[in-house]
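Here is the file run32.txt (compact mmCIF, C-alpha atoms and all ligand atoms).
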# COMPACT_ATOMS: atom_id res chain seq x y z
CA MET A 1 75.02 110.07 99.73
CA TYR A 2 76.24 107.81 102.55
CA ILE A 3 79.47 105.80 102.30
CA LEU A 4 80.31 102.98 104.68
CA GLY A 5 84.05 102.43 105.27
CA ILE A 6 85.35 99.05 106.49
CA GLU A 7 88.88 98.43 107.79
CA THR A 8 90.21 95.03 108.91
CA SER A 9 93.77 94.94 107.57
CA CYS A 10 95.47 94.21 110.90
CA ASP A 11 94.05 94.03 114.43
CA GLU A 12 91.40 96.75 114.44
CA THR A 13 87.87 95.89 113.34
CA ALA A 14 86.50 99.23 112.21
CA ALA A 15 83.53 100.75 110.39
CA ALA A 16 82.56 104.38 109.75
CA VAL A 17 80.05 106.39 107.75
CA VAL A 18 80.61 109.65 105.86
CA ASN A 19 78.05 111.68 103.95
CA GLY A 20 78.26 113.27 100.50
CA LYS A 21 80.03 116.33 101.91
CA LYS A 22 82.63 113.94 103.36
CA GLU A 23 81.55 114.75 106.89
CA LEU A 24 82.12 111.96 109.38
CA LEU A 25 78.82 110.71 110.82
CA SER A 26 80.11 107.76 112.83
CA ASN A 27 83.37 106.00 113.60
CA VAL A 28 83.51 102.67 115.44
CA VAL A 29 86.81 100.92 116.20
CA PHE A 30 87.03 97.63 118.02
CA SER A 31 90.63 97.16 119.08
CA GLN A 32 91.93 93.60 119.57
CA LEU A 33 94.80 94.86 121.71
CA ARG A 34 93.72 92.75 124.69
CA VAL A 35 93.88 89.58 122.55
CA HIS A 36 97.38 90.18 121.18
CA LYS A 37 99.05 91.89 124.15
CA PRO A 38 100.17 88.65 125.90
CA TYR A 39 102.07 87.67 122.71
CA GLY A 40 103.88 91.00 122.32
CA GLY A 41 102.57 91.44 118.77
CA VAL A 42 99.69 90.65 116.44
CA VAL A 43 98.93 86.92 115.97
CA PRO A 44 97.43 86.75 112.44
CA GLU A 45 95.17 83.75 113.06
CA PHE A 46 93.66 85.32 116.19
CA ALA A 47 93.23 88.61 114.33
CA SER A 48 91.10 87.11 111.54
CA ARG A 49 88.99 85.07 113.98
CA ASN A 50 88.25 88.15 116.06
CA HIS A 51 87.40 90.22 112.96
CA LEU A 52 84.86 87.54 112.09
CA LYS A 53 83.31 87.75 115.57
CA LYS A 54 83.04 91.54 115.56
CA ILE A 55 82.61 92.74 111.98
CA ASN A 56 78.78 92.60 111.79
CA ILE A 57 78.40 94.23 115.23
CA VAL A 58 80.83 97.03 114.37
CA ILE A 59 79.09 97.73 111.03
CA SER A 60 75.63 97.78 112.68
CA GLN A 61 76.89 100.21 115.32
CA ALA A 62 78.46 102.52 112.72
CA VAL A 63 75.25 102.61 110.66
CA GLU A 64 73.08 103.16 113.75
CA LYS A 65 75.32 105.93 115.13
CA ALA A 66 75.19 107.68 111.75
CA GLY A 67 71.40 107.81 112.19
CA ILE A 68 70.68 105.84 109.00
CA LYS A 69 69.65 102.36 107.92
CA LEU A 70 71.71 99.86 105.89
CA SER A 71 69.37 100.47 102.97
CA ASP A 72 70.31 104.19 102.98
CA LEU A 73 73.95 103.40 102.06
CA SER A 74 75.06 104.59 98.61
CA ALA A 75 78.46 102.83 98.47
CA ILE A 76 80.94 100.77 100.48
CA ALA A 77 84.69 101.39 100.69
CA VAL A 78 86.90 98.61 102.03
CA THR A 79 90.62 98.20 102.68
CA CYS A 80 91.74 95.65 100.11
CA THR A 81 95.55 95.70 100.42
CA PRO A 82 98.16 95.58 102.01
CA GLY A 83 97.59 93.74 105.28
CA LEU A 84 97.24 90.34 106.91
CA ILE A 85 95.61 88.16 104.30
CA GLY A 86 93.14 86.46 106.67
CA SER A 87 92.16 89.80 108.21
CA LEU A 88 91.69 91.47 104.82
CA LEU A 89 89.58 88.51 103.69
CA ILE A 90 87.01 89.11 106.45
CA GLY A 91 86.55 92.80 105.61
CA ILE A 92 86.51 92.27 101.85
CA SER A 93 84.07 89.31 101.96
CA THR A 94 81.71 91.24 104.23
CA ALA A 95 81.92 94.35 102.04
CA LYS A 96 81.34 92.38 98.86
CA ALA A 97 78.33 90.55 100.29
CA LEU A 98 76.79 93.80 101.56
CA ALA A 99 77.44 95.66 98.30
CA TYR A 100 75.91 92.80 96.32
CA ALA A 101 72.86 92.49 98.57
CA LEU A 102 72.22 96.25 98.62
CA ASN A 103 73.10 96.60 94.92
CA ILE A 104 75.49 99.48 95.57
CA PRO A 105 79.06 100.13 94.36
CA LEU A 106 82.11 98.78 96.16
CA VAL A 107 85.38 100.74 96.22
CA GLY A 108 88.71 99.10 97.10
CA ILE A 109 91.11 101.25 99.12
CA ASN A 110 94.84 100.75 99.52
CA HIS A 111 95.47 100.91 103.27
CA LEU A 112 98.38 103.34 102.88
CA TYR A 113 96.28 105.69 100.75
CA GLY A 114 93.63 105.39 103.46
CA HIS A 115 96.16 106.66 106.03
CA ILE A 116 96.95 109.63 103.77
CA TYR A 117 93.21 110.42 103.54
CA ALA A 118 93.02 110.62 107.36
CA ASN A 119 94.16 114.18 106.61
CA TYR A 120 90.82 114.77 104.83
CA ILE A 121 88.55 113.62 107.66
CA ASN A 122 86.30 116.61 108.36
CA ASP A 123 88.88 118.80 106.59
CA ASN A 124 88.29 119.61 102.92
CA ARG A 125 91.23 122.00 102.50
CA LYS A 126 93.27 121.44 99.35
CA LYS A 127 96.40 119.49 100.26
CA PHE A 128 97.62 118.12 96.92
CA PRO A 129 100.16 118.35 95.43
CA GLY A 130 101.84 117.17 98.61
CA ILE A 131 104.49 114.89 100.03
CA ALA A 132 102.85 112.26 102.26
CA LEU A 133 104.75 110.35 104.92
CA VAL A 134 102.93 107.17 105.96
CA VAL A 135 104.62 105.93 109.10
CA SER A 136 103.02 102.99 110.88
CA GLY A 137 103.67 99.55 112.35
CA GLY A 138 103.92 97.96 108.93
CA HIS A 139 105.11 100.79 106.69
CA THR A 140 107.39 103.77 106.40
CA SER A 141 106.80 105.25 102.97
CA LEU A 142 106.98 108.60 101.21
CA PHE A 143 104.50 109.38 98.44
CA LEU A 144 104.35 112.19 95.96
CA CYS A 145 100.63 112.97 95.80
CA SER A 146 100.00 115.00 92.64
CA SER A 147 96.22 114.99 92.91
CA HIS A 148 93.47 112.80 94.37
CA ASN A 149 94.24 109.11 93.77
CA ASN A 150 97.32 110.04 91.78
CA PHE A 151 100.03 108.92 94.21
CA PHE A 152 103.61 107.90 93.38
CA LEU A 153 105.77 105.92 95.83
CA LEU A 154 109.06 107.81 96.29
CA SER A 155 110.73 105.66 98.93
CA GLN A 156 110.11 103.17 101.70
CA THR A 157 111.90 101.29 104.43
CA ARG A 158 114.38 98.65 103.35
CA ASP A 159 113.84 96.64 106.56
CA ASP A 160 111.78 97.47 109.68
CA ALA A 161 109.00 100.04 109.67
CA ALA A 162 109.38 102.88 112.18
CA GLY A 163 106.43 101.65 114.28
CA GLU A 164 107.85 98.12 114.21
CA ALA A 165 111.15 99.54 115.56
CA PHE A 166 109.23 101.28 118.38
CA ASP A 167 107.47 97.99 119.18
CA LYS A 168 110.70 95.93 119.10
CA VAL A 169 112.68 98.43 121.17
CA ALA A 170 109.88 98.45 123.76
CA LYS A 171 110.10 94.66 123.81
CA ILE A 172 113.90 94.81 124.33
CA MET A 173 113.30 97.21 127.22
CA ASN A 174 110.49 95.02 128.64
CA LEU A 175 107.98 97.87 128.42
CA GLY A 176 105.06 96.04 126.81
CA TYR A 177 102.99 96.33 123.63
CA PRO A 178 102.33 98.38 121.54
CA GLY A 179 105.68 100.04 122.03
CA GLY A 180 105.15 103.47 120.45
CA PRO A 181 103.08 105.14 123.18
CA LEU A 182 105.13 103.41 125.94
CA ILE A 183 108.47 104.59 124.54
CA GLU A 184 107.04 108.09 124.07
CA LYS A 185 105.85 108.13 127.69
CA ILE A 186 109.17 107.19 129.30
CA ALA A 187 111.19 109.26 126.80
CA LYS A 188 109.42 112.40 128.07
CA LYS A 189 111.57 112.30 131.20
CA GLY A 190 114.77 111.33 129.35
CA ASP A 191 117.60 113.32 127.80
CA PRO A 192 117.76 112.52 124.05
CA ASP A 193 121.43 113.50 123.80
CA ILE A 194 122.97 111.00 126.28
CA PHE A 195 122.78 108.02 123.90
CA LYS A 196 123.68 109.12 120.40
CA PHE A 197 122.19 106.65 117.93
CA PRO A 198 122.87 106.75 114.20
CA SER A 199 120.36 107.75 111.56
CA ALA A 200 120.65 105.43 108.53
CA ARG A 201 121.43 107.08 105.25
CA PHE A 202 122.02 105.31 101.94
CA LYS A 203 124.87 106.11 99.59
CA LYS A 204 123.71 103.61 96.96
CA GLY A 205 120.27 103.43 95.38
CA ASN A 206 117.41 105.61 96.53
CA LYS A 207 118.77 108.09 99.07
CA LEU A 208 115.26 108.76 100.37
CA ASP A 209 114.85 105.13 101.55
CA PHE A 210 114.56 104.40 105.26
CA SER A 211 116.16 101.77 107.51
CA PHE A 212 115.57 101.17 111.22
CA SER A 213 116.94 97.68 111.89
CA GLY A 214 120.51 98.93 112.58
CA LEU A 215 119.12 101.42 115.08
CA LYS A 216 117.16 98.64 116.79
CA THR A 217 120.35 96.57 117.10
CA ALA A 218 122.26 99.59 118.47
CA VAL A 219 119.57 100.01 121.16
CA TRP A 220 119.81 96.30 121.95
CA TYR A 221 123.58 96.59 122.55
CA ALA A 222 123.17 99.75 124.62
CA PHE A 223 120.42 98.15 126.69
CA ASN A 224 122.47 95.03 127.40
CA LYS A 225 125.49 97.13 128.37
CA ASN A 226 123.31 99.02 130.85
CA ARG A 227 121.15 96.12 132.05
CA ASP A 228 121.41 97.05 135.71
CA ALA A 229 120.96 100.72 134.97
CA ASP A 230 118.47 102.90 136.84
CA LYS A 231 115.18 104.27 135.54
CA ILE A 232 116.80 107.49 134.33
CA CYS A 233 119.18 105.56 132.09
CA LEU A 234 116.24 103.74 130.47
CA GLN A 235 114.45 107.05 129.96
CA ASN A 236 117.55 108.42 128.25
CA LEU A 237 117.79 105.30 126.09
CA ALA A 238 114.16 105.66 124.98
CA ALA A 239 114.61 109.39 124.31
CA GLY A 240 117.79 108.78 122.27
CA PHE A 241 116.08 106.09 120.18
CA GLN A 242 113.01 108.25 119.58
CA LYS A 243 115.19 111.21 118.55
CA SER A 244 117.01 109.11 115.96
CA VAL A 245 113.71 107.87 114.42
CA VAL A 246 112.24 111.38 114.37
CA ASP A 247 115.38 112.92 112.86
CA THR A 248 115.40 110.35 110.05
CA LEU A 249 111.70 110.81 109.27
CA VAL A 250 111.95 114.60 109.25
CA ARG A 251 115.15 114.65 107.15
CA ASN A 252 113.86 112.36 104.37
CA THR A 253 110.44 114.00 104.24
CA PHE A 254 111.78 117.53 103.84
CA GLU A 255 114.52 116.45 101.44
CA SER A 256 111.87 114.93 99.18
CA ALA A 257 109.76 118.10 99.44
CA ALA A 258 112.79 120.14 98.36
CA GLN A 259 113.65 117.71 95.55
CA TYR A 260 110.12 117.81 94.08
CA LYS A 261 109.51 121.48 95.00
CA ILE A 262 106.39 120.64 97.00
CA LYS A 263 104.90 123.03 99.56
CA ASN A 264 102.51 120.70 101.44
CA ILE A 265 103.53 117.91 103.81
CA LEU A 266 100.98 115.32 104.99
CA LEU A 267 101.75 113.17 108.01
CA SER A 268 99.87 109.91 108.71
CA GLY A 269 99.98 106.42 110.23
CA GLY A 270 100.17 105.24 113.84
CA VAL A 271 103.59 106.76 114.55
CA ALA A 272 102.23 110.16 113.46
CA ALA A 273 100.46 110.16 116.86
CA ASN A 274 103.91 110.71 118.41
CA SER A 275 104.09 114.22 119.91
CA VAL A 276 107.86 114.58 119.41
CA LEU A 277 107.51 113.74 115.70
CA ARG A 278 104.57 116.13 115.26
CA LYS A 279 106.50 118.94 116.97
CA ALA A 280 109.69 118.34 114.97
CA MET A 281 107.71 118.24 111.70
CA ALA A 282 105.87 121.45 112.61
CA GLU A 283 109.11 123.25 113.49
CA LYS A 284 110.83 122.16 110.28
CA ALA A 285 107.79 123.15 108.18
CA LYS A 286 107.81 126.59 109.78
CA GLU A 287 111.55 126.98 109.19
CA LYS A 288 111.18 125.99 105.51
CA GLY A 289 107.95 127.96 104.95
CA LEU A 290 105.98 124.80 104.12
CA CYS A 291 102.50 123.78 105.21
CA LEU A 292 102.14 120.73 107.47
CA PHE A 293 98.92 118.70 107.74
CA CYS A 294 98.50 116.19 110.55
CA PRO A 295 95.34 114.20 111.36
CA PRO A 296 94.09 114.38 114.96
CA LYS A 297 95.94 111.71 116.99
CA GLY A 298 92.88 109.43 117.12
CA PHE A 299 92.83 109.18 113.32
CA CYS A 300 96.54 108.31 112.98
CA THR A 301 96.17 104.67 114.05
CA ASP A 302 93.99 102.29 112.01
CA ASN A 303 90.37 103.37 111.61
CA ALA A 304 87.60 103.16 109.01
CA ALA A 305 86.87 106.91 108.84
CA MET A 306 89.98 107.32 106.67
CA ILE A 307 88.79 104.46 104.42
CA ALA A 308 85.31 105.97 104.06
CA VAL A 309 86.77 109.40 103.17
CA ALA A 310 89.25 107.85 100.71
CA GLY A 311 86.27 106.01 99.20
CA ALA A 312 84.35 109.27 98.82
CA TYR A 313 87.23 110.80 96.84
CA LYS A 314 87.71 107.67 94.76
CA MET A 315 83.98 107.56 93.93
CA ARG A 316 84.42 110.90 92.19
CA LYS A 317 86.64 109.11 89.70
CA SER A 318 84.18 106.21 89.35
CA LEU A 319 86.87 103.71 90.32
CA VAL A 320 84.32 101.24 91.59
CA ALA A 321 83.76 97.51 91.20
CA SER A 322 81.07 96.31 88.79
CA ARG A 323 78.32 94.00 90.08
CA SER A 324 79.68 91.08 88.07
CA SER A 325 83.23 91.53 89.43
CA LEU A 326 81.82 91.35 92.98
CA VAL A 327 80.98 87.73 92.25
CA LYS A 328 83.87 86.74 90.00
CA SER A 329 87.08 87.95 91.61
CA TRP A 330 87.82 87.52 95.27
CA MET A 331 89.19 91.05 95.49
CA GLY A 332 86.76 92.53 92.99
CA CYS A 333 87.33 95.97 94.41
CA GLY A 334 88.24 97.96 91.35
CA LEU A 335 91.94 98.14 92.14
O1 LIG B 401 98.75 102.71 111.64
P1 LIG B 401 98.77 101.67 112.71
O2 LIG B 401 97.63 101.66 113.69
O3 LIG B 401 98.84 100.23 112.12
C1 LIG B 401 99.54 99.90 110.96
O4 LIG B 401 99.03 100.18 109.84
O5 LIG B 401 100.67 99.37 111.12
O6 LIG B 401 100.16 101.86 113.48
C2 LIG B 401 100.49 101.13 114.62
C3 LIG B 401 101.91 101.49 115.01
C4 LIG B 401 102.49 100.62 116.13
O7 LIG B 401 103.76 100.16 115.73
C5 LIG B 401 102.59 101.58 117.31
O8 LIG B 401 103.66 101.27 118.19
C6 LIG B 401 102.81 102.90 116.61
O9 LIG B 401 101.98 102.84 115.48
N1 LIG B 401 102.43 104.05 117.47
C7 LIG B 401 103.31 104.95 117.91
C8 LIG B 401 102.57 105.83 118.75
N2 LIG B 401 101.29 105.42 118.78
C9 LIG B 401 101.21 104.32 117.97
N3 LIG B 401 104.63 105.10 117.69
C10 LIG B 401 105.26 106.13 118.30
N4 LIG B 401 104.63 107.00 119.14
C11 LIG B 401 103.30 106.89 119.39
N5 LIG B 401 102.70 107.74 120.22
ZN ZN B 402 97.67 101.29 109.31

Take the structure in the file and write it out as structure tokens.
Ligand code: KG4
Ligand code: ZN
Amino acid sequence: MYILGIETSCDETAAAVVNGKKELLSNVVFSQLRVHKPYGGVVPEFASRNHLKKINIVISQAVEKAGIKLSDLSAIAVTCTPGLIGSLLIGISTAKALAYALNIPLVGINHLYGHIYANYINDNRKKFPGIALVVSGGHTSLFLCSSHNNFFLLSQTRDDAAGEAFDKVAKIMNLGYPGGPLIEKIAKKGDPDIFKFPSARFKKGNKLDFSFSGLKTAVWYAFNKNRDADKICLQNLAAGFQKSVVDTLVRNTFESAAQYKIKNILLSGGVAANSVLRKAMAEKAKEKGLCLFCPPKGFCTDNAAMIAVAGAYKMRKSLVASRSSLVKSWMGCGL
């Protein structure tokens, strides 16, 4: 069995192939970073146009690198929500056309579930039941994963996502885009305890919810107060901001694990590539006697390997689109 995964929800055009044992045979990611960098963020219209330019090339490369032909494919898995609508449309239309032409099943994958399945790329160890933290540029969400494809949303951010906060703080500090890796780099030389930033906590409603917009504003005030500050001050600012984000993510994740008496923690999403977060999560897991799973850094940011693997697990439940629904509904992905 060969499953082709396609991911186009934001600014990465990606395709990957896994086999029946869920081993990754190829993984091609075309990043549009160069296109969006001058604008300090993703421009949706440019993103969809560039997906259109690259999608067929990326798919051909993934199939070729896997050492197979298009006709060898047994199924296609595609990100069908959430994401930029124009970007999703390119991936879904391509996947539907291919599935129809090859007469093979199409599986729709929720992008956030895809991130969680990055933990299963070339790693079949049992991880569910688990608490999954998906922390990316668009989302900061905690899921209770009881079993495969049986995920319950426990909490999410009420405003900015953690990755979005990294990107905006980097913009405030004139560091560039995307902000996460740049903040992490300069924070390495900083002292995280010079600037003490708050960690949002809710008294009303869901106490496991996240919020990062107040923190972003606090950094903005601190930055403006220290505008003429030296490099060391900026490093301290970045380190203080990063510490606050990490503390919040660790606290809510482990509180939910305690509340639901769960032993496995799964980390995922672009921000999960952050070394300080990975270290803090690992230390807390050790202290609490829990098991932490983290995808390799390269599989934290958007890719299609996670979509292909998620598709392989979803196929087991036969949650696939029928041939007639491929034609009728524009999503038609069995979600
Ligand atoms: O998962 P992803 O590729 O796209 C979304 O689904 O949103 O995540 C991208 C986000 C960006 O906000 C980026 O700044 C952040 O992940 N990111 C990081 C790091 N690497 C990427 N944030 C903190 N530290 C990093 N090392
Ligand atoms: Zn993502």

Would you name the residues within 9 Å of ligand ZN 402 (chain B), counting all atoms listed in the file, and put them as an mmCIF file with C-alpha atoms, in the coordinates of the input?
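That gives us part.cif:
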data_model
loop_
_atom_site.group_PDB
_atom_site.id
_atom_site.type_symbol
_atom_site.label_atom_id
_atom_site.label_comp_id
_atom_site.auth_asym_id
_atom_site.auth_seq_id
_atom_site.Cartn_x
_atom_site.Cartn_y
_atom_site.Cartn_z
ATOM 1 C CA SER A 9 93.770 94.940 107.570
ATOM 2 C CA CYS A 10 95.470 94.210 110.900
ATOM 3 C CA GLY A 83 97.590 93.740 105.280
ATOM 4 C CA HIS A 111 95.470 100.910 103.270
ATOM 5 C CA LEU A 112 98.380 103.340 102.880
ATOM 6 C CA GLY A 114 93.630 105.390 103.460
ATOM 7 C CA HIS A 115 96.160 106.660 106.030
ATOM 8 C CA VAL A 134 102.930 107.170 105.960
ATOM 9 C CA VAL A 135 104.620 105.930 109.100
ATOM 10 C CA SER A 136 103.020 102.990 110.880
ATOM 11 C CA GLY A 137 103.670 99.550 112.350
ATOM 12 C CA GLY A 138 103.920 97.960 108.930
ATOM 13 C CA HIS A 139 105.110 100.790 106.690
ATOM 14 C CA SER A 268 99.870 109.910 108.710
ATOM 15 C CA GLY A 269 99.980 106.420 110.230
ATOM 16 C CA GLY A 270 100.170 105.240 113.840
ATOM 17 C CA CYS A 300 96.540 108.310 112.980
ATOM 18 C CA THR A 301 96.170 104.670 114.050
ATOM 19 C CA ASP A 302 93.990 102.290 112.010
ATOM 20 C CA ASN A 303 90.370 103.370 111.610
#

If the box runs along x, y and z of the file and leaves 6 Å on each side of region 167-182 of chain A, what are its centre and edge lengths in Å, one decimal, as lines of an AutoDock Vina configuration file?
center_x = 108.1
center_y = 99.9
center_z = 123.9
size_x = 23.6
size_y = 22.5
size_z = 21.5

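Near Ser87 (chain A), within 6 Å and counting only C-alpha atoms, sit Thr8, Ser9, Ser48, Leu84 and Ile90 of chain A, not including residues fewer than 3 positions from it in the same chain.
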
Can I get the selected residues back with C-alpha atoms, as a PDB file, keeping the file's coordinate frame?
ATOM      1  CA  THR A   8      90.210  95.030 108.910  1.00  0.00           C
ATOM      2  CA  SER A   9      93.770  94.940 107.570  1.00  0.00           C
ATOM      3  CA  SER A  48      91.100  87.110 111.540  1.00  0.00           C
ATOM      4  CA  LEU A  84      97.240  90.340 106.910  1.00  0.00           C
ATOM      5  CA  ILE A  90      87.010  89.110 106.450  1.00  0.00           C
TER       6      ILE A  90
END

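Close contacts of region 232-243 of chain A, defined as residues with an atom at most 7 Å away when counting only C-alpha atoms, with chain neighbours fewer than 4 positions off set aside, comprise A:Ile183, A:Ile186, A:Ala187, A:Lys189, A:Gly190, A:Asp191, A:Pro192, A:Asp193, A:Ile194, A:Phe195, A:Lys196, A:Phe197, A:Asp247.
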
Selected residues, C-alpha atoms, written as a compact mmCIF listing (two decimals), keeping the file's coordinate frame, please.
# COMPACT_ATOMS: atom_id res chain seq x y z
CA ILE A 183 108.47 104.59 124.54
CA ILE A 186 109.17 107.19 129.30
CA ALA A 187 111.19 109.26 126.80
CA LYS A 189 111.57 112.30 131.20
CA GLY A 190 114.77 111.33 129.35
CA ASP A 191 117.60 113.32 127.80
CA PRO A 192 117.76 112.52 124.05
CA ASP A 193 121.43 113.50 123.80
CA ILE A 194 122.97 111.00 126.28
CA PHE A 195 122.78 108.02 123.90
CA LYS A 196 123.68 109.12 120.40
CA PHE A 197 122.19 106.65 117.93
CA ASP A 247 115.38 112.92 112.86

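Taking only C-alpha atoms, the non-local environment of Thr13 (chain A) within 6 Å (same-chain residues fewer than 5 positions away omitted) comprises Thr8, Val29, Phe30 and His51 of chain A.
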
Can you spit out the residues from that selection as a short mmCIF file (atom, residue, chain, number, x, y, z; two decimals), in the frame of the given file, using C-alpha atoms?
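As written to disk, selection.cif reads:
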data_model
loop_
_atom_site.label_atom_id
_atom_site.label_comp_id
_atom_site.auth_asym_id
_atom_site.auth_seq_id
_atom_site.Cartn_x
_atom_site.Cartn_y
_atom_site.Cartn_z
CA THR A 8 90.21 95.03 108.91
CA VAL A 29 86.81 100.92 116.20
CA PHE A 30 87.03 97.63 118.02
CA HIS A 51 87.40 90.22 112.96
#

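Using only C-alpha atoms and all ligand atoms, the nearest neighbour of ligand LIG 401 (chain B) within the list A:Leu292, A:Leu182, A:Val250, A:Leu215 is A:Leu182.
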
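Proximity to ligand LIG 401 (chain B) was assessed for A:Ser211, A:Asn150, A:Ser141, A:Asn274 counting all atoms listed in the file; the smallest distance is recorded for A:Asn274.
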
Between A:Val18, A:Ala165, A:Val28, A:Ile104, smallest distance to Asn56 (chain A) by only C-alpha atoms belongs to A:Val28

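Near Ile265 (chain A), within 7 Å and counting all atoms listed in the file, sit Gly130, Ile131, Ala132, Cys291, Leu292 and Phe293 of chain A, not including residues fewer than 6 positions from it in the same chain.
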
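Residue nearest ligand LIG 401 (chain B) within the list A:Leu24, A:Ile3, A:Ile76, A:Ala170: A:Ala170 [criterion: smallest interatomic distance, only C-alpha atoms and all ligand atoms].
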
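Residue nearest Pro198 (chain A) within the list A:Gln32, A:Asn103, A:Thr217, A:Asn110: A:Thr217 [criterion: smallest interatomic distance, only C-alpha atoms].
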
Residue with the minimum atom-to-atom distance to Gly108 (chain A), picked from A:Lys126, A:Asn226, A:Arg316, A:Thr79 with all atoms listed in the file counted, is A:Thr79

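Computed from the coordinates, the atom C4 of ligand LIG 401 (chain B) to CA of Leu208 (chain A) distance equals 21.9 Å.
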
Query - Shell of 12 Å around Leu4 (chain A), only C-alpha atoms, local chain residues under 6 positions omitted, as a VMD selection string - result: chain A and resid 14 to 20 22 24 to 28 58 to 66 68 to 79 91 94 to 95 98 to 99 104 to 108 304 to 312

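If you look at atom C3 of ligand LIG 401 (chain B) and CA of Gly289 (chain A), they are 29.0 Å away from each other.
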